[in-house]
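Data block for protein-v4.cif (mmCIF, C-alpha atoms):
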```cif
data_protein
loop_
_atom_site.group_PDB
_atom_site.id
_atom_site.type_symbol
_atom_site.label_atom_id
_atom_site.label_comp_id
_atom_site.auth_asym_id
_atom_site.auth_seq_id
_atom_site.Cartn_x
_atom_site.Cartn_y
_atom_site.Cartn_z
ATOM 1 C CA MET A 1 -44.058 -39.108 6.927
ATOM 2 C CA THR A 2 -43.815 -35.341 7.127
ATOM 3 C CA ASP A 3 -45.926 -33.651 9.777
ATOM 4 C CA PRO A 4 -48.027 -31.061 7.860
ATOM 5 C CA ILE A 5 -48.402 -28.845 10.957
ATOM 6 C CA SER A 6 -44.655 -28.823 11.610
ATOM 7 C CA SER A 7 -43.964 -28.164 7.924
ATOM 8 C CA ALA A 8 -46.386 -25.223 7.907
ATOM 9 C CA GLU A 9 -44.769 -23.791 11.053
ATOM 10 C CA ASP A 10 -41.320 -24.085 9.461
ATOM 11 C CA SER A 11 -42.548 -22.333 6.319
ATOM 12 C CA ALA A 12 -44.111 -19.545 8.381
ATOM 13 C CA ASP A 13 -40.902 -19.144 10.385
ATOM 14 C CA LEU A 14 -38.827 -18.911 7.198
ATOM 15 C CA ALA A 15 -41.228 -16.343 5.777
ATOM 16 C CA ARG A 16 -41.028 -14.224 8.944
ATOM 17 C CA HIS A 17 -37.239 -14.426 8.875
ATOM 18 C CA ALA A 18 -37.106 -13.409 5.208
ATOM 19 C CA SER A 19 -39.455 -10.482 5.857
ATOM 20 C CA LYS A 20 -37.409 -9.330 8.858
ATOM 21 C CA MET A 21 -34.137 -9.525 6.928
ATOM 22 C CA ALA A 22 -35.679 -7.606 4.023
ATOM 23 C CA ARG A 23 -36.654 -4.788 6.401
ATOM 24 C CA ILE A 24 -33.189 -4.744 7.949
ATOM 25 C CA LYS A 25 -31.556 -4.654 4.503
ATOM 26 C CA ALA A 26 -33.789 -1.793 3.364
ATOM 27 C CA ALA A 27 -32.907 0.214 6.484
ATOM 28 C CA ARG A 28 -29.228 -0.604 6.038
ATOM 29 C CA ASP A 29 -29.306 0.453 2.381
ATOM 30 C CA ARG A 30 -30.943 3.778 3.309
ATOM 31 C CA ASN A 31 -28.283 4.356 5.952
ATOM 32 C CA MET A 32 -25.405 3.491 3.607
ATOM 33 C CA ALA A 33 -26.801 5.730 0.849
ATOM 34 C CA GLY A 34 -26.113 8.726 3.054
ATOM 35 C CA LYS A 35 -22.463 7.756 3.625
ATOM 36 C CA THR A 36 -20.787 9.244 0.568
ATOM 37 C CA GLY A 37 -17.985 11.247 2.172
ATOM 38 C CA GLU A 38 -14.321 10.294 1.972
ATOM 39 C CA LYS A 39 -11.427 11.640 4.044
ATOM 40 C CA GLY A 40 -8.081 10.654 5.406
ATOM 41 C CA LEU A 41 -8.670 9.313 8.888
ATOM 42 C CA ILE A 42 -6.739 9.660 12.119
ATOM 43 C CA ILE A 43 -7.009 6.193 13.667
ATOM 44 C CA VAL A 44 -5.954 5.253 17.195
ATOM 45 C CA HIS A 45 -5.458 1.710 18.494
ATOM 46 C CA THR A 46 -4.891 1.717 22.241
ATOM 47 C CA GLY A 47 -5.656 -0.217 25.418
ATOM 48 C CA ALA A 48 -3.964 -2.863 27.544
ATOM 49 C CA GLY A 49 -5.074 -5.774 25.355
ATOM 50 C CA LYS A 50 -3.094 -7.440 22.597
ATOM 51 C CA GLY A 51 -3.692 -6.564 18.951
ATOM 52 C CA LYS A 52 -2.944 -2.865 18.546
ATOM 53 C CA SER A 53 0.053 -3.206 16.243
ATOM 54 C CA SER A 54 -1.403 -6.360 14.689
ATOM 55 C CA SER A 55 -4.488 -4.413 13.634
ATOM 56 C CA GLY A 56 -2.353 -1.619 12.242
ATOM 57 C CA PHE A 57 -0.312 -4.045 10.165
ATOM 58 C CA GLY A 58 -3.540 -5.631 8.959
ATOM 59 C CA MET A 59 -4.440 -2.238 7.500
ATOM 60 C CA ILE A 60 -0.993 -1.992 5.921
ATOM 61 C CA LEU A 61 -1.573 -5.345 4.186
ATOM 62 C CA ARG A 62 -4.955 -4.128 2.940
ATOM 63 C CA CYS A 63 -3.251 -1.098 1.408
ATOM 64 C CA ILE A 64 -0.649 -3.319 -0.241
ATOM 65 C CA ALA A 65 -3.406 -5.544 -1.651
ATOM 66 C CA HIS A 66 -5.161 -2.476 -3.101
ATOM 67 C CA GLY A 67 -1.928 -1.185 -4.621
ATOM 68 C CA MET A 68 -1.936 1.834 -2.272
ATOM 69 C CA PRO A 69 1.514 3.165 -1.316
ATOM 70 C CA CYS A 70 1.934 3.100 2.468
ATOM 71 C CA ALA A 71 4.594 3.352 5.153
ATOM 72 C CA VAL A 72 5.488 2.187 8.653
ATOM 73 C CA VAL A 73 7.464 4.033 11.308
ATOM 74 C CA GLN A 74 8.216 2.014 14.437
ATOM 75 C CA PHE A 75 8.935 4.110 17.522
ATOM 76 C CA ILE A 76 9.809 1.429 20.091
ATOM 77 C CA LYS A 77 10.262 -1.982 18.488
ATOM 78 C CA GLY A 78 12.959 -0.980 16.039
ATOM 79 C CA ALA A 79 15.482 -3.491 17.348
ATOM 80 C CA TRP A 80 13.042 -6.420 17.084
ATOM 81 C CA ASP A 81 13.227 -8.924 14.239
ATOM 82 C CA THR A 82 9.489 -9.146 13.609
ATOM 83 C CA GLY A 83 7.554 -11.192 11.076
ATOM 84 C CA GLU A 84 5.814 -8.129 9.642
ATOM 85 C CA ARG A 85 9.142 -6.380 9.112
ATOM 86 C CA ARG A 86 10.572 -9.423 7.307
ATOM 87 C CA LEU A 87 7.487 -9.741 5.116
ATOM 88 C CA ILE A 88 7.213 -6.094 4.124
ATOM 89 C CA THR A 89 10.904 -5.389 3.550
ATOM 90 C CA GLY A 90 11.422 -8.720 1.801
ATOM 91 C CA HIS A 91 8.433 -8.699 -0.521
ATOM 92 C CA PHE A 92 6.656 -5.336 -0.602
ATOM 93 C CA ALA A 93 9.381 -2.712 -0.227
ATOM 94 C CA ASP A 94 8.351 -1.226 -3.567
ATOM 95 C CA ILE A 95 4.957 -0.153 -2.198
ATOM 96 C CA CYS A 96 5.496 0.049 1.562
ATOM 97 C CA GLN A 97 8.360 1.874 3.225
ATOM 98 C CA PHE A 98 9.431 0.437 6.570
ATOM 99 C CA HIS A 99 11.427 2.527 9.039
ATOM 100 C CA ALA A 100 12.388 0.920 12.356
ATOM 101 C CA MET A 101 13.420 3.964 14.380
ATOM 102 C CA GLY A 102 13.088 2.698 17.944
ATOM 103 C CA GLU A 103 15.768 1.110 20.093
ATOM 104 C CA GLY A 104 13.647 -0.924 22.473
ATOM 105 C CA PHE A 105 11.481 -0.234 25.481
ATOM 106 C CA THR A 106 12.602 2.403 27.984
ATOM 107 C CA TRP A 107 13.577 -0.184 30.589
ATOM 108 C CA GLU A 108 15.891 -1.774 28.031
ATOM 109 C CA THR A 109 17.743 1.356 26.906
ATOM 110 C CA GLN A 110 17.808 2.961 30.392
ATOM 111 C CA ASP A 111 18.837 6.182 28.678
ATOM 112 C CA LYS A 112 16.163 8.894 28.526
ATOM 113 C CA ALA A 113 18.129 11.234 26.278
ATOM 114 C CA ARG A 114 18.712 8.418 23.806
ATOM 115 C CA ASP A 115 15.011 7.471 23.887
ATOM 116 C CA ILE A 116 13.980 11.068 23.233
ATOM 117 C CA ALA A 117 16.430 11.356 20.340
ATOM 118 C CA ALA A 118 15.102 8.144 18.783
ATOM 119 C CA ALA A 119 11.500 9.338 19.172
ATOM 120 C CA ARG A 120 12.326 12.698 17.590
ATOM 121 C CA ALA A 121 14.067 10.993 14.668
ATOM 122 C CA GLY A 122 11.040 8.747 14.213
ATOM 123 C CA TRP A 123 8.688 11.723 14.254
ATOM 124 C CA GLU A 124 10.756 13.626 11.687
ATOM 125 C CA LYS A 125 10.611 10.602 9.387
ATOM 126 C CA ALA A 126 6.871 10.278 10.048
ATOM 127 C CA LYS A 127 6.265 13.906 9.059
ATOM 128 C CA GLU A 128 8.214 13.407 5.838
ATOM 129 C CA LEU A 129 6.124 10.367 4.924
ATOM 130 C CA ILE A 130 2.791 11.901 5.899
ATOM 131 C CA ARG A 131 3.500 15.019 3.824
ATOM 132 C CA ASP A 132 3.944 12.872 0.700
ATOM 133 C CA PRO A 133 0.497 12.842 -0.974
ATOM 134 C CA GLN A 134 1.362 9.637 -2.853
ATOM 135 C CA ILE A 135 1.480 7.682 0.428
ATOM 136 C CA ARG A 136 -2.080 6.798 1.385
ATOM 137 C CA LEU A 137 -1.574 5.351 4.876
ATOM 138 C CA VAL A 138 1.166 5.794 7.474
ATOM 139 C CA LEU A 139 1.353 3.499 10.495
ATOM 140 C CA LEU A 140 3.035 5.090 13.526
ATOM 141 C CA ASP A 141 3.598 1.959 15.541
ATOM 142 C CA GLU A 142 3.899 2.472 19.327
ATOM 143 C CA ILE A 143 3.980 6.267 19.020
ATOM 144 C CA ASN A 144 1.527 6.439 21.928
ATOM 145 C CA ILE A 145 4.286 5.207 24.232
ATOM 146 C CA ALA A 146 6.581 8.038 23.100
ATOM 147 C CA LEU A 147 3.733 10.492 23.692
ATOM 148 C CA ARG A 148 2.916 8.988 27.085
ATOM 149 C CA TYR A 149 6.464 9.566 28.356
ATOM 150 C CA ASP A 150 6.527 13.044 26.761
ATOM 151 C CA TYR A 151 9.356 12.113 24.425
ATOM 152 C CA LEU A 152 7.204 13.862 21.830
ATOM 153 C CA ASP A 153 4.990 16.879 22.366
ATOM 154 C CA LEU A 154 1.334 15.973 21.885
ATOM 155 C CA GLU A 155 0.315 19.458 20.735
ATOM 156 C CA GLU A 156 3.029 19.433 18.102
ATOM 157 C CA VAL A 157 1.773 16.090 16.777
ATOM 158 C CA LEU A 158 -1.876 17.192 16.772
ATOM 159 C CA THR A 159 -1.081 20.510 15.095
ATOM 160 C CA PHE A 160 0.894 18.790 12.375
ATOM 161 C CA LEU A 161 -1.883 16.270 11.696
ATOM 162 C CA ALA A 162 -4.468 19.054 11.562
ATOM 163 C CA ASP A 163 -2.460 21.447 9.390
ATOM 164 C CA GLU A 164 -0.166 19.381 7.192
ATOM 165 C CA LYS A 165 -1.659 15.919 6.678
ATOM 166 C CA PRO A 166 -2.982 15.633 3.108
ATOM 167 C CA PRO A 167 -6.797 15.378 3.037
ATOM 168 C CA LEU A 168 -6.926 11.727 1.916
ATOM 169 C CA THR A 169 -3.998 10.330 3.903
ATOM 170 C CA HIS A 170 -4.803 7.934 6.741
ATOM 171 C CA VAL A 171 -2.582 7.941 9.841
ATOM 172 C CA VAL A 172 -2.720 5.077 12.352
ATOM 173 C CA LEU A 173 -1.265 5.614 15.829
ATOM 174 C CA THR A 174 -0.839 2.576 18.075
ATOM 175 C CA GLY A 175 0.216 1.899 21.647
ATOM 176 C CA ARG A 176 -1.133 1.804 25.170
ATOM 177 C CA ASN A 177 -2.325 4.818 27.112
ATOM 178 C CA ALA A 178 -3.267 7.091 24.234
ATOM 179 C CA LYS A 179 -3.600 10.620 25.560
ATOM 180 C CA GLU A 180 -7.042 12.193 25.815
ATOM 181 C CA GLY A 181 -6.168 14.954 23.364
ATOM 182 C CA LEU A 182 -5.255 12.407 20.706
ATOM 183 C CA ILE A 183 -8.423 10.429 21.347
ATOM 184 C CA ALA A 184 -10.486 13.615 21.006
ATOM 185 C CA ALA A 185 -8.805 14.541 17.711
ATOM 186 C CA ALA A 186 -9.070 11.060 16.151
ATOM 187 C CA ASP A 187 -11.776 9.935 13.731
ATOM 188 C CA LEU A 188 -11.638 6.293 14.824
ATOM 189 C CA VAL A 189 -10.524 4.967 18.210
ATOM 190 C CA THR A 190 -10.420 1.333 19.261
ATOM 191 C CA GLU A 191 -9.474 0.176 22.741
ATOM 192 C CA MET A 192 -8.172 -3.370 23.072
ATOM 193 C CA THR A 193 -9.320 -4.744 26.437
ATOM 194 C CA LEU A 194 -7.156 -7.290 28.232
ATOM 195 C CA ILE A 195 -9.203 -10.245 29.451
ATOM 196 C CA LYS A 196 -6.626 -13.017 29.468
ATOM 197 C CA HIS A 197 -3.000 -13.296 28.346
ATOM 198 C CA PRO A 198 -0.652 -16.320 28.343
ATOM 199 C CA PHE A 199 2.236 -14.185 29.644
ATOM 200 C CA ARG A 200 0.557 -14.219 33.041
ATOM 201 C CA SER A 201 0.757 -18.001 32.986
ATOM 202 C CA GLY A 202 4.472 -18.044 32.281
ATOM 203 C CA ILE A 203 4.292 -18.276 28.480
ATOM 204 C CA LYS A 204 6.875 -16.137 26.692
ATOM 205 C CA ALA A 205 6.285 -14.071 23.540
ATOM 206 C CA GLN A 206 6.201 -16.411 20.546
ATOM 207 C CA PRO A 207 6.852 -16.005 16.797
ATOM 208 C CA GLY A 208 3.699 -15.656 14.734
ATOM 209 C CA VAL A 209 1.682 -14.465 17.732
ATOM 210 C CA GLU A 210 3.577 -11.562 19.310
ATOM 211 C CA PHE A 211 6.162 -10.836 16.617
#
```

In C-alpha cells, what does this structure look like?
Amino acid sequence: MTDPISSAEDSADLARHASKMARIKAARDRNMAGKTGEKGLIIVHTGAGKGKSSSGFGMILRCIAHGMPCAVVQFIKGAWDTGERRLITGHFADICQFHAMGEGFTWETQDKARDIAAARAGWEKAKELIRDPQIRLVLLDEINIALRYDYLDLEEVLTFLADEKPPLTHVVLTGRNAKEGLIAAADLVTEMTLIKHPFRSGIKAQPGVEF
C-alpha cells in the first residue's frame, strides 16, 4: 500500500526540481541569446597531463564529420606511426591534409641545428595552410615544444596569427609549457593537469592510448 504522505513528498520534490530546472533553463537561454558572434579561434592545449594532442585530433575529427577542410602539422612526432595519422591519411586525405614535419624529440635527434630546421619547415608549411581560407582548422601538434626551446620565434608566430590568419580559421596549438605570450593571445586555453600516469608505474606507451 502506498504511503500517501511519502507520495505527496515525492510529488512536491519533483515539482520543486522541475521549477528549479525551468529557472536554470530560462537563465541559460537568455545567456545563449547574447552569444551570436563567430570568429576563428586561437586554441591552446598545454600542461603536463595527457590529452593535449588527443583533444586536438578530436577537433580534427569533428571538422571532418562536418565536411570542413582541415589540416595537421606535426612538429615533433613526425617519425611516429600513430593511429591518427593512419586514419586520416588512409581515409580522409581528401578533406584533411596531414604533414608530419618533426623528426622526434630533441633527446632523440641530439642535433639542435637539425631540430631547428625541421621546426622552421613545419612552420612554413603551417603558414601556407593557415593562409588558405578554404581550410577551416589547422592543428599545430607539439608546436609549443618548438617554441619552448626557441626553435621558432614566438613573436613571429603571434604576429602571423594576428595579421594573416583568415577571420574564420581556427588554429590549435598543442604541447607542454605554452609560453605566456601565446596564452595571453589565445581565445581558448586548456591546461591538462597530471594526476596519475601509468608510465610512472613502469607501463610503456601503448597503441590506442598514447599513439

8 Å contact set for Gly56 in chain A, all atoms listed in the file, chain neighbours under 6 positions out, as a PDB file with C-alpha atoms, in the coordinates of the input:
```pdb
ATOM      1  CA  HIS A  45      -5.458   1.710  18.494  1.00  0.00           C
ATOM      2  CA  LEU A 139       1.353   3.499  10.495  1.00  0.00           C
ATOM      3  CA  ASP A 141       3.598   1.959  15.541  1.00  0.00           C
ATOM      4  CA  VAL A 172      -2.720   5.077  12.352  1.00  0.00           C
ATOM      5  CA  THR A 174      -0.839   2.576  18.075  1.00  0.00           C
TER       6      THR A 174
END
```

Exercise. Neighbours of Cys96 in chain A within 9 Å (all atoms listed in the file; same-chain residues fewer than 2 positions away dropped), as a list in words?
Worked result: Ile60, Cys63, Ile64, Met68, Pro69, Cys70, Ala71, Val72, Ile88, Thr89, Phe92, Ala93, Asp94, Phe98 and Ile135 of chain A

Problem set entry | Picked residues, the PyMOL selection byres ((chain A and resi 119-132) around 10), expected as a PyMOL selection string | chain A and resi 70-76+97+99-103+113-118+133-140+143+145-147+150-153+157+160-161+164-166+169-171

Problem set entry | Expected selection from the PyMOL selection byres ((chain A and resi 192) around 7), given as a list of chain:residue names | A:Thr46, A:Gly47, A:Ala48, A:Gly49, A:Lys50, A:Gly51, A:Lys52, A:Thr190, A:Glu191, A:Thr193, A:Leu194

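With CA of Ala26 in chain A on one side and CA of Asp13 in chain A on the other, the separation reads 20.0 Å.
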
Problem set entry | Test item: residues at most 6 Å from Ile43 in chain A, all atoms listed in the file, excluding those fewer than 2 positions along its chain, as a PyMOL selection string | chain A and resi 41+172+186+188-189

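Picture a line from CA of His197 in chain A to CA of Gly175 in chain A; it runs 16.9 Å.
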
Problem set entry | Pairwise distance for CA of Val44 in chain A and CA of Asp163 in chain A, rounded to one decimal in Å |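 Between CA of Val44 in chain A and CA of Asp163 in chain A the gap works out to 18.3 Å.
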
Exercise. With distances taken over only C-alpha atoms, which of A:Ala18, A:Glu142, A:Asp111, A:Asp81 is nearest to Asn177 in chain A?
Worked result: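 Using only C-alpha atoms, the shortest distance to Asn177 in chain A belongs to A:Glu142.
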
Exercise. What would the list of residues within 7 Å of (10.1, -16.0, 14.4) (file frame) look like as a list in words, if only C-alpha atoms are what count?
Worked result: Thr82, Gly83, Pro207, Gly208 and Phe211 of chain A

Determine the axis-aligned bounding box of all atoms of range 71-87 of chain A present in the file, pad each side by 3 Å, and express its centre and edge lengths in Å to one decimal place as AutoDock Vina command-line options.
```
--center_x 10.0 --center_y -3.5 --center_z 12.6 --size_x 16.9 --size_y 21.3 --size_z 21.0
```

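Applying the 12 Å criterion to (-4.9, 15.7, 27.0) in file coordinates and using only C-alpha atoms, one obtains the residues Leu147, Arg148, Asp150, Asp153, Leu154, Glu155, Leu158, Asn177, Ala178, Lys179, Glu180, Gly181, Leu182, Ile183, Ala184 and Ala185 of chain A.
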